[in-house]
Structures are given as structure tokens and as C-alpha cells.
$ cat protein-v5.cif   # mmCIF, C-alpha atoms
data_data
#
loop_
_atom_site.group_PDB
_atom_site.id
_atom_site.type_symbol
_atom_site.label_atom_id
_atom_site.label_comp_id
_atom_site.auth_asym_id
_atom_site.auth_seq_id
_atom_site.Cartn_x
_atom_site.Cartn_y
_atom_site.Cartn_z
ATOM 1 C CA MET Y 18 0.090 -17.182 123.123
ATOM 2 C CA LYS Y 19 -3.370 -18.371 122.222
ATOM 3 C CA ILE Y 20 -4.695 -21.854 121.718
ATOM 4 C CA LYS Y 21 -5.063 -22.158 117.946
ATOM 5 C CA LYS Y 22 -8.161 -23.297 116.146
ATOM 6 C CA ASN Y 23 -7.979 -25.102 112.832
ATOM 7 C CA GLY Y 24 -8.795 -23.022 109.765
ATOM 8 C CA SER Y 25 -11.045 -24.457 107.074
ATOM 9 C CA THR Y 26 -8.090 -25.424 104.856
ATOM 10 C CA GLU Y 27 -6.362 -27.176 107.750
ATOM 11 C CA LEU Y 28 -9.562 -29.039 108.645
ATOM 12 C CA LYS Y 29 -10.094 -30.183 105.038
ATOM 13 C CA VAL Y 30 -6.507 -31.370 104.712
ATOM 14 C CA LYS Y 31 -6.598 -33.197 108.051
ATOM 15 C CA GLU Y 32 -9.790 -34.954 106.958
ATOM 16 C CA ILE Y 33 -8.070 -36.070 103.747
ATOM 17 C CA ALA Y 34 -4.828 -37.054 105.499
ATOM 18 C CA GLN Y 35 -6.365 -38.966 108.425
ATOM 19 C CA PRO Y 36 -7.282 -42.191 106.560
ATOM 20 C CA ILE Y 37 -3.816 -42.293 104.982
ATOM 21 C CA ALA Y 38 -2.165 -41.834 108.382
ATOM 22 C CA ASP Y 39 -4.412 -44.491 109.918
ATOM 23 C CA GLU Y 40 -3.470 -46.972 107.203
ATOM 24 C CA LEU Y 41 0.231 -46.312 107.844
ATOM 25 C CA GLY Y 42 -0.079 -46.555 111.636
ATOM 26 C CA LEU Y 43 0.651 -42.845 112.075
ATOM 27 C CA THR Y 44 -1.099 -40.079 113.956
ATOM 28 C CA ILE Y 45 -1.489 -36.535 112.729
ATOM 29 C CA TRP Y 46 -0.169 -34.136 115.336
ATOM 30 C CA ASP Y 47 -1.021 -30.970 113.438
ATOM 31 C CA VAL Y 48 -1.763 -29.419 110.066
ATOM 32 C CA SER Y 49 -0.553 -25.919 109.363
ATOM 33 C CA TYR Y 50 -1.215 -23.723 106.335
ATOM 34 C CA VAL Y 51 0.941 -20.594 106.496
ATOM 35 C CA LYS Y 52 2.426 -17.957 104.232
ATOM 36 C CA GLU Y 53 6.155 -17.383 104.569
ATOM 37 C CA GLY Y 54 7.495 -14.702 102.296
ATOM 38 C CA ALA Y 55 5.922 -15.173 98.875
ATOM 39 C CA GLU Y 56 5.201 -18.898 99.374
ATOM 40 C CA TRP Y 57 2.354 -20.799 101.045
ATOM 41 C CA TYR Y 58 3.309 -23.905 103.014
ATOM 42 C CA LEU Y 59 1.004 -26.772 103.846
ATOM 43 C CA ARG Y 60 2.672 -28.709 106.660
ATOM 44 C CA VAL Y 61 1.433 -31.994 108.007
ATOM 45 C CA PHE Y 62 3.145 -33.068 111.231
ATOM 46 C CA ILE Y 63 2.991 -36.789 111.933
ATOM 47 C CA ASP Y 64 3.888 -39.004 114.862
ATOM 48 C CA LYS Y 65 3.901 -42.615 116.015
ATOM 49 C CA GLU Y 66 4.767 -44.332 119.239
ATOM 50 C CA ASP Y 67 8.341 -45.306 118.358
ATOM 51 C CA GLY Y 68 9.138 -42.101 116.465
ATOM 52 C CA ILE Y 69 9.117 -40.928 112.873
ATOM 53 C CA ASP Y 70 11.799 -41.470 110.276
ATOM 54 C CA LEU Y 71 12.298 -40.365 106.685
ATOM 55 C CA ASP Y 72 10.546 -43.492 105.373
ATOM 56 C CA ASP Y 73 7.401 -42.575 107.341
ATOM 57 C CA CYS Y 74 7.438 -39.065 105.912
ATOM 58 C CA GLU Y 75 7.849 -40.389 102.378
ATOM 59 C CA ALA Y 76 5.146 -43.031 102.884
ATOM 60 C CA MET Y 77 2.729 -40.304 103.987
ATOM 61 C CA THR Y 78 3.762 -37.699 101.409
ATOM 62 C CA ARG Y 79 3.205 -39.732 98.244
ATOM 63 C CA PRO Y 80 -0.436 -40.785 98.760
ATOM 64 C CA LEU Y 81 -1.337 -37.485 100.453
ATOM 65 C CA ASN Y 82 0.058 -35.494 97.543
ATOM 66 C CA GLU Y 83 -1.930 -37.609 95.073
ATOM 67 C CA LYS Y 84 -5.144 -37.204 97.086
ATOM 68 C CA LEU Y 85 -4.640 -33.440 97.439
ATOM 69 C CA ASP Y 86 -4.068 -33.148 93.683
ATOM 70 C CA GLU Y 87 -7.224 -35.173 93.041
ATOM 71 C CA LEU Y 88 -9.512 -33.330 95.478
ATOM 72 C CA ASP Y 89 -7.865 -29.883 95.212
ATOM 73 C CA PRO Y 90 -8.999 -28.568 98.643
ATOM 74 C CA VAL Y 91 -6.442 -25.740 98.679
ATOM 75 C CA SER Y 92 -6.872 -22.744 96.400
ATOM 76 C CA GLY Y 93 -3.650 -21.519 94.838
ATOM 77 C CA SER Y 94 -0.215 -23.060 94.866
ATOM 78 C CA TYR Y 95 1.612 -24.256 97.961
ATOM 79 C CA ILE Y 96 4.538 -26.365 99.063
ATOM 80 C CA LEU Y 97 3.585 -29.600 100.835
ATOM 81 C CA GLU Y 98 5.828 -30.662 103.709
ATOM 82 C CA VAL Y 99 5.303 -33.788 105.809
ATOM 83 C CA GLY Y 100 7.497 -34.135 108.854
ATOM 84 C CA SER Y 101 7.862 -35.188 112.436
ATOM 85 C CA ALA Y 102 6.261 -33.118 115.152
ATOM 86 C CA GLY Y 103 9.588 -33.432 116.987
ATOM 87 C CA LEU Y 104 10.463 -34.438 120.537
ATOM 88 C CA GLU Y 105 10.069 -30.924 121.878
ATOM 89 C CA ARG Y 106 6.980 -30.078 119.868
ATOM 90 C CA GLU Y 107 5.052 -26.929 120.608
ATOM 91 C CA LEU Y 108 1.608 -27.280 122.159
ATOM 92 C CA VAL Y 109 -0.761 -24.945 120.319
ATOM 93 C CA ARG Y 110 -4.110 -26.725 120.066
ATOM 94 C CA GLU Y 111 -6.526 -28.058 122.671
ATOM 95 C CA SER Y 112 -5.877 -31.590 121.412
ATOM 96 C CA HIS Y 113 -2.153 -31.102 122.092
ATOM 97 C CA PHE Y 114 -2.751 -30.062 125.684
ATOM 98 C CA GLU Y 115 -5.181 -32.954 126.232
ATOM 99 C CA ALA Y 116 -2.698 -35.476 124.827
ATOM 100 C CA CYS Y 117 0.164 -34.149 126.954
ATOM 101 C CA ILE Y 118 -1.372 -33.948 130.425
ATOM 102 C CA GLY Y 119 1.033 -35.736 132.740
ATOM 103 C CA LEU Y 120 4.052 -35.085 130.502
ATOM 104 C CA ASP Y 121 6.924 -32.685 131.130
ATOM 105 C CA VAL Y 122 6.688 -29.289 129.457
ATOM 106 C CA ARG Y 123 8.699 -26.081 129.236
ATOM 107 C CA VAL Y 124 6.729 -22.865 129.587
ATOM 108 C CA HIS Y 125 8.732 -19.928 128.232
ATOM 109 C CA LEU Y 126 7.449 -16.559 129.406
ATOM 110 C CA ILE Y 127 7.448 -13.373 127.343
ATOM 111 C CA ILE Y 128 8.620 -11.375 130.371
ATOM 112 C CA ALA Y 129 10.329 -12.914 133.393
ATOM 113 C CA ALA Y 130 8.175 -13.297 136.502
ATOM 114 C CA ASP Y 131 10.055 -13.102 139.811
ATOM 115 C CA GLY Y 132 13.299 -13.423 137.846
ATOM 116 C CA VAL Y 133 12.180 -16.628 136.115
ATOM 117 C CA LYS Y 134 11.576 -16.841 132.372
ATOM 118 C CA ASP Y 135 11.282 -20.628 131.978
ATOM 119 C CA TYR Y 136 9.340 -23.160 133.995
ATOM 120 C CA VAL Y 137 9.864 -26.873 133.505
ATOM 121 C CA GLY Y 138 7.297 -29.137 135.090
ATOM 122 C CA THR Y 139 4.524 -31.619 134.528
ATOM 123 C CA LEU Y 140 1.446 -30.427 132.663
ATOM 124 C CA ALA Y 141 -1.381 -30.813 135.165
ATOM 125 C CA GLY Y 142 -4.194 -29.062 133.290
ATOM 126 C CA TYR Y 143 -5.210 -26.256 130.979
ATOM 127 C CA ASP Y 144 -8.107 -24.074 129.938
ATOM 128 C CA LYS Y 145 -8.520 -21.417 127.261
ATOM 129 C CA ASN Y 146 -6.676 -18.851 129.416
ATOM 130 C CA SER Y 147 -4.002 -20.721 131.356
ATOM 131 C CA VAL Y 148 -2.015 -23.878 131.983
ATOM 132 C CA LYS Y 149 -1.292 -25.579 135.274
ATOM 133 C CA ILE Y 150 2.086 -27.206 135.740
ATOM 134 C CA THR Y 151 3.585 -28.983 138.700
ATOM 135 C CA VAL Y 152 7.086 -27.696 139.419
ATOM 136 C CA ASP Y 153 9.022 -29.341 142.256
ATOM 137 C CA GLY Y 154 5.796 -30.654 143.800
ATOM 138 C CA GLU Y 155 4.055 -27.272 143.683
ATOM 139 C CA GLU Y 156 1.261 -26.474 141.228
ATOM 140 C CA LYS Y 157 1.750 -23.248 139.300
ATOM 141 C CA GLU Y 158 -0.788 -21.566 137.040
ATOM 142 C CA VAL Y 159 0.555 -19.588 134.095
ATOM 143 C CA SER Y 160 -1.619 -17.346 131.956
ATOM 144 C CA LEU Y 161 -1.365 -18.127 128.243
ATOM 145 C CA SER Y 162 -1.100 -14.379 127.580
ATOM 146 C CA GLU Y 163 2.199 -14.424 129.517
ATOM 147 C CA ALA Y 164 3.627 -17.434 127.648
ATOM 148 C CA ALA Y 165 5.717 -17.075 124.505
ATOM 149 C CA TYR Y 166 5.417 -20.834 123.952
ATOM 150 C CA ILE Y 167 4.761 -24.133 125.659
ATOM 151 C CA LYS Y 168 6.655 -27.189 124.422
ATOM 152 C CA LEU Y 169 7.169 -30.754 125.478
ATOM 153 C CA TYR Y 170 10.360 -30.990 127.478
ATOM 154 C CA GLU Y 171 12.959 -33.661 126.959
ATOM 155 C CA GLU Y 172 16.021 -33.801 129.195
ATOM 156 C CA TYR Y 173 19.188 -34.859 127.422
ATOM 157 C CA ASP Y 174 22.301 -36.436 128.846
ATOM 158 C CA PHE Y 175 25.319 -35.221 126.901
#
$ encode --input "protein-v5.cif" --output "C-alpha cells"
Amino acid sequence: MKIKKNGSTELKVKEIAQPIADELGLTIWDVSYVKEGAEWYLRVFIDKEDGIDLDDCEAMTRPLNEKLDELDPVSGSYILEVGSAGLERELVRESHFEACIGLDVRVHLIIAADGVKDYVGTLAGYDKNSVKITVDGEEKEVSLSEAAYIKLYEEYDF
């Protein structure tokens, strides 16, 4: 995996969405502009301290959609989706790694190393090539090129 950089469309949309999110007490976790099949999707992932619900998504979608229609920063047609980043959100940008230092993460490897394909531990640091996680009191460095994904980890009691 590689740490993603924002494209120009994503940067423009985040700039437009930020004041709306601020007014609503939300944070923007990520903006993604991707083609899936024949359709383009503009996804804005939001968050807030006590979690996101459908009302938050609707409150963000309406004014954002109006502002995007007014300013027209995206060439061509697309489907706008506003949603929660989720509890086990994927870390893909530098800002994600910075915000999550000290939190539990799952690092899923492309190929098992020493018979292990998943590490769960506390994110201790990162750079453009690797992440450092503390697993059972021991710091482990994992190359990003070996990781399929890195996500926040939430343990559930069922």
C-alpha cells in the first residue's frame, strides 16, 4: 500500500466541504473521487466525536450538493455520497496516520511473515515507507509495501 495524496478534485471538494462540516460540528476524514464501472463517485467521509448518524449525513449532503452545483469543481457527472468513515476505517493518508497515533490498528499483510498475516497493536509511528506498531509490548516495523491495508481496530464483545 502507499500513502495516498489528494488529487486536485479531492482538494477542491474538501475546501468547499470544510466550512459546511465546521458549521455542523463535523470533521472531514477523507474525500475520494473514483471511477467504479461506468460511474464516477465523489465520496465525502465525515466523523465527529460521538459518531455519525443518518441525520449528520443528510445535514452535510444537502448544503454540500448545493455548493458543488453552484461552483461546479468537478468536470463531468458523478454520484455524491456522504457517509461515516466507520469504526474500522482504513488509514490511507498522512493525516490519518497522524490522527491515529496511540490508537489500536490492524495491519493486514499481503503475504504472511513468519506465519503471521495480521498484526494488531498500537500505532506508534509512521513514515512514507513504514509503520511502527507496538504488539504485546514489542515495537514492530512493517513496510507499507508489505501491507494490504491498515485499519483502526475495534474489539467487539459478542
$ residues_around --input "protein-v5.cif" --residues "Y:Ser160" --least-positions-apart "6" --cutoff "7 Å" --atoms "only C-alpha atoms" --output "compact mmCIF listing (two decimals) with C-alpha atoms, keeping the file's coordinate frame"
# COMPACT_ATOMS: atom_id res chain seq x y z
CA ASN Y 146 -6.68 -18.85 129.42
CA SER Y 147 -4.00 -20.72 131.36
CA VAL Y 148 -2.02 -23.88 131.98
$ atom_distance --input "protein-v5.cif" --atom1 "atom CA of Y:Arg123" --atom2 "atom CA of Y:Glu158"
13.1 Å
$ closest_residue --input "protein-v5.cif" --among "Y:Leu104, Y:Leu140, Y:Leu59, Y:Ala76" --to "Y:Tyr173" --atoms "all atoms listed in the file"
Y:Leu104
$ resolve_selection --input "protein-v5.cif" --expression "the PyMOL selection byres ((chain Y and resi 38) around 10)" --output "list in words"
Lys31, Ile33, Ala34, Gln35, Pro36, Ile37, Asp39, Glu40, Leu41, Gly42, Leu43, Thr44, Ile45, Ile63, Asp64, Lys65, Asp73, Ala76, Met77, Pro80 and Leu81 of chain Y
$ atom_distance --input "protein-v5.cif" --atom1 "atom CA of Y:Asp86" --atom2 "atom CA of Y:Lys21"
26.7 Å
$ residues_around --input "protein-v5.cif" --residues "Y:Asp135" --least-positions-apart "4" --cutoff "9 Å" --atoms "all atoms listed in the file" --output "list in words"
Arg123, Val124, His125, Leu126 and Ala129 of chain Y
$ write_last_selection --input "protein-v5.cif" --atoms "C-alpha atoms" --output "short mmCIF file (atom, residue, chain, number, x, y, z; two decimals), in the coordinates of the input"
data_model
loop_
_atom_site.label_atom_id
_atom_site.label_comp_id
_atom_site.auth_asym_id
_atom_site.auth_seq_id
_atom_site.Cartn_x
_atom_site.Cartn_y
_atom_site.Cartn_z
CA ARG Y 123 8.70 -26.08 129.24
CA VAL Y 124 6.73 -22.86 129.59
CA HIS Y 125 8.73 -19.93 128.23
CA LEU Y 126 7.45 -16.56 129.41
CA ALA Y 129 10.33 -12.91 133.39
#
$ closest_residue --input "protein-v5.cif" --among "Y:Lys134, Y:Asn82, Y:Asp72, Y:Lys29" --to "Y:Glu163" --atoms "only C-alpha atoms"
Y:Lys134
$ atom_distance --input "protein-v5.cif" --atom1 "atom CA of Y:Arg60" --atom2 "atom CA of Y:Cys117"
21.2 Å
$ residues_around --input "protein-v5.cif" --residues "Y:Glu172" --least-positions-apart "3" --cutoff "10 Å" --atoms "only C-alpha atoms" --output "PyMOL selection string"
chain Y and resi 105+121+175
$ axis_aligned_box --input "protein-v5.cif" --around "stretch 163-172 of chain Y" --padding-each-side "5 Å" --output "JSON"
{"center_x": 9.1, "center_y": -24.1, "center_z": 126.7, "size_x": 23.8, "size_y": 29.4, "size_z": 15.6}
$ residues_around --input "protein-v5.cif" --residues "Y:Gly154" --least-positions-apart "5" --cutoff "12 Å" --atoms "all atoms listed in the file" --output "PyMOL selection string"
chain Y and resi 137-141
$ closest_residue --input "protein-v5.cif" --among "Y:Gly100, Y:Gly68, Y:Pro90, Y:Gly54" --to "Y:Thr26" --atoms "only C-alpha atoms"
Y:Pro90
$ resolve_selection --input "protein-v5.cif" --expression "the PyMOL selection byres ((chain Y and resi 50) around 10)" --output "mmCIF file with C-alpha atoms, keeping the file's coordinate frame"
data_model
loop_
_atom_site.group_PDB
_atom_site.id
_atom_site.type_symbol
_atom_site.label_atom_id
_atom_site.label_comp_id
_atom_site.auth_asym_id
_atom_site.auth_seq_id
_atom_site.Cartn_x
_atom_site.Cartn_y
_atom_site.Cartn_z
ATOM 1 C CA ASN Y 23 -7.979 -25.102 112.832
ATOM 2 C CA GLY Y 24 -8.795 -23.022 109.765
ATOM 3 C CA SER Y 25 -11.045 -24.457 107.074
ATOM 4 C CA THR Y 26 -8.090 -25.424 104.856
ATOM 5 C CA GLU Y 27 -6.362 -27.176 107.750
ATOM 6 C CA VAL Y 30 -6.507 -31.370 104.712
ATOM 7 C CA VAL Y 48 -1.763 -29.419 110.066
ATOM 8 C CA SER Y 49 -0.553 -25.919 109.363
ATOM 9 C CA VAL Y 51 0.941 -20.594 106.496
ATOM 10 C CA LYS Y 52 2.426 -17.957 104.232
ATOM 11 C CA GLU Y 53 6.155 -17.383 104.569
ATOM 12 C CA TRP Y 57 2.354 -20.799 101.045
ATOM 13 C CA TYR Y 58 3.309 -23.905 103.014
ATOM 14 C CA LEU Y 59 1.004 -26.772 103.846
ATOM 15 C CA ARG Y 60 2.672 -28.709 106.660
ATOM 16 C CA VAL Y 61 1.433 -31.994 108.007
ATOM 17 C CA VAL Y 91 -6.442 -25.740 98.679
ATOM 18 C CA TYR Y 95 1.612 -24.256 97.961
ATOM 19 C CA ILE Y 96 4.538 -26.365 99.063
ATOM 20 C CA LEU Y 97 3.585 -29.600 100.835
#
$ residues_around --input "protein-v5.cif" --residues "Y:Arg106" --least-positions-apart "4" --cutoff "7 Å" --atoms "only C-alpha atoms" --output "list in words"
Ala102, Lys168 and Leu169 of chain Y
$ write_last_selection --input "protein-v5.cif" --atoms "C-alpha atoms" --output "PDB file, keeping the file's coordinate frame"
ATOM      1  CA  ALA Y 102       6.261 -33.118 115.152  1.00  0.00           C
ATOM      2  CA  LYS Y 168       6.655 -27.189 124.422  1.00  0.00           C
ATOM      3  CA  LEU Y 169       7.169 -30.754 125.478  1.00  0.00           C
TER       4      LEU Y 169
END
$ resolve_selection --input "protein-v5.cif" --expression "the PyMOL selection byres ((chain Y and resi 110) around 7)" --output "list in words"
Ile20, Lys21, Lys22, Leu108, Val109, Glu111, Ser112, His113 and Phe114 of chain Y
$ build_atoms --input "protein-v5.cif" --residues "stretch 136-155 of chain Y" --atoms "N, CA and C atoms" --output "mmCIF file, keeping the file's coordinate frame"
data_model
loop_
_atom_site.group_PDB
_atom_site.id
_atom_site.type_symbol
_atom_site.label_atom_id
_atom_site.label_comp_id
_atom_site.auth_asym_id
_atom_site.auth_seq_id
_atom_site.Cartn_x
_atom_site.Cartn_y
_atom_site.Cartn_z
ATOM 1 N N TYR Y 136 9.766 -22.179 133.010
ATOM 2 C CA TYR Y 136 9.340 -23.160 133.995
ATOM 3 C C TYR Y 136 9.352 -24.513 133.317
ATOM 4 N N VAL Y 137 9.911 -25.498 133.985
ATOM 5 C CA VAL Y 137 9.864 -26.873 133.505
ATOM 6 C C VAL Y 137 9.135 -27.676 134.566
ATOM 7 N N GLY Y 138 8.082 -28.350 134.147
ATOM 8 C CA GLY Y 138 7.297 -29.137 135.090
ATOM 9 C C GLY Y 138 6.346 -30.043 134.345
ATOM 10 N N THR Y 139 5.490 -30.690 135.086
ATOM 11 C CA THR Y 139 4.524 -31.619 134.528
ATOM 12 C C THR Y 139 3.216 -30.900 134.241
ATOM 13 N N LEU Y 140 2.712 -31.056 133.026
ATOM 14 C CA LEU Y 140 1.446 -30.427 132.663
ATOM 15 C C LEU Y 140 0.329 -31.089 133.456
ATOM 16 N N ALA Y 141 -0.326 -30.289 134.293
ATOM 17 C CA ALA Y 141 -1.381 -30.813 135.165
ATOM 18 C C ALA Y 141 -2.776 -30.476 134.646
ATOM 19 N N GLY Y 142 -2.897 -29.446 133.824
ATOM 20 C CA GLY Y 142 -4.194 -29.062 133.290
ATOM 21 C C GLY Y 142 -4.078 -27.808 132.453
ATOM 22 N N TYR Y 143 -5.183 -27.445 131.823
ATOM 23 C CA TYR Y 143 -5.210 -26.256 130.979
ATOM 24 C C TYR Y 143 -6.655 -25.818 130.807
ATOM 25 N N ASP Y 144 -6.821 -24.573 130.427
ATOM 26 C CA ASP Y 144 -8.107 -24.074 129.938
ATOM 27 C C ASP Y 144 -7.778 -23.033 128.879
ATOM 28 N N LYS Y 145 -8.782 -22.343 128.376
ATOM 29 C CA LYS Y 145 -8.520 -21.417 127.261
ATOM 30 C C LYS Y 145 -7.651 -20.240 127.657
ATOM 31 N N ASN Y 146 -7.446 -20.008 128.963
ATOM 32 C CA ASN Y 146 -6.676 -18.851 129.416
ATOM 33 C C ASN Y 146 -5.362 -19.177 130.105
ATOM 34 N N SER Y 147 -5.197 -20.420 130.572
ATOM 35 C CA SER Y 147 -4.002 -20.721 131.356
ATOM 36 C C SER Y 147 -3.658 -22.210 131.325
ATOM 37 N N VAL Y 148 -2.444 -22.502 131.779
ATOM 38 C CA VAL Y 148 -2.015 -23.878 131.983
ATOM 39 C C VAL Y 148 -1.610 -24.036 133.437
ATOM 40 N N LYS Y 149 -1.749 -25.252 133.928
ATOM 41 C CA LYS Y 149 -1.292 -25.579 135.274
ATOM 42 C C LYS Y 149 -0.169 -26.585 135.122
ATOM 43 N N ILE Y 150 0.959 -26.280 135.758
ATOM 44 C CA ILE Y 150 2.086 -27.206 135.740
ATOM 45 C C ILE Y 150 2.544 -27.445 137.177
ATOM 46 N N THR Y 151 3.041 -28.640 137.391
ATOM 47 C CA THR Y 151 3.585 -28.983 138.700
ATOM 48 C C THR Y 151 5.095 -28.868 138.603
ATOM 49 N N VAL Y 152 5.650 -27.947 139.396
ATOM 50 C CA VAL Y 152 7.086 -27.696 139.419
ATOM 51 C C VAL Y 152 7.577 -27.991 140.834
ATOM 52 N N ASP Y 153 8.468 -28.955 140.950
ATOM 53 C CA ASP Y 153 9.022 -29.341 142.256
ATOM 54 C C ASP Y 153 7.923 -29.583 143.293
ATOM 55 N N GLY Y 154 6.876 -30.296 142.891
ATOM 56 C CA GLY Y 154 5.796 -30.654 143.800
ATOM 57 C C GLY Y 154 4.770 -29.566 144.055
ATOM 58 N N GLU Y 155 4.974 -28.396 143.484
ATOM 59 C CA GLU Y 155 4.055 -27.272 143.683
ATOM 60 C C GLU Y 155 3.346 -26.942 142.377
#
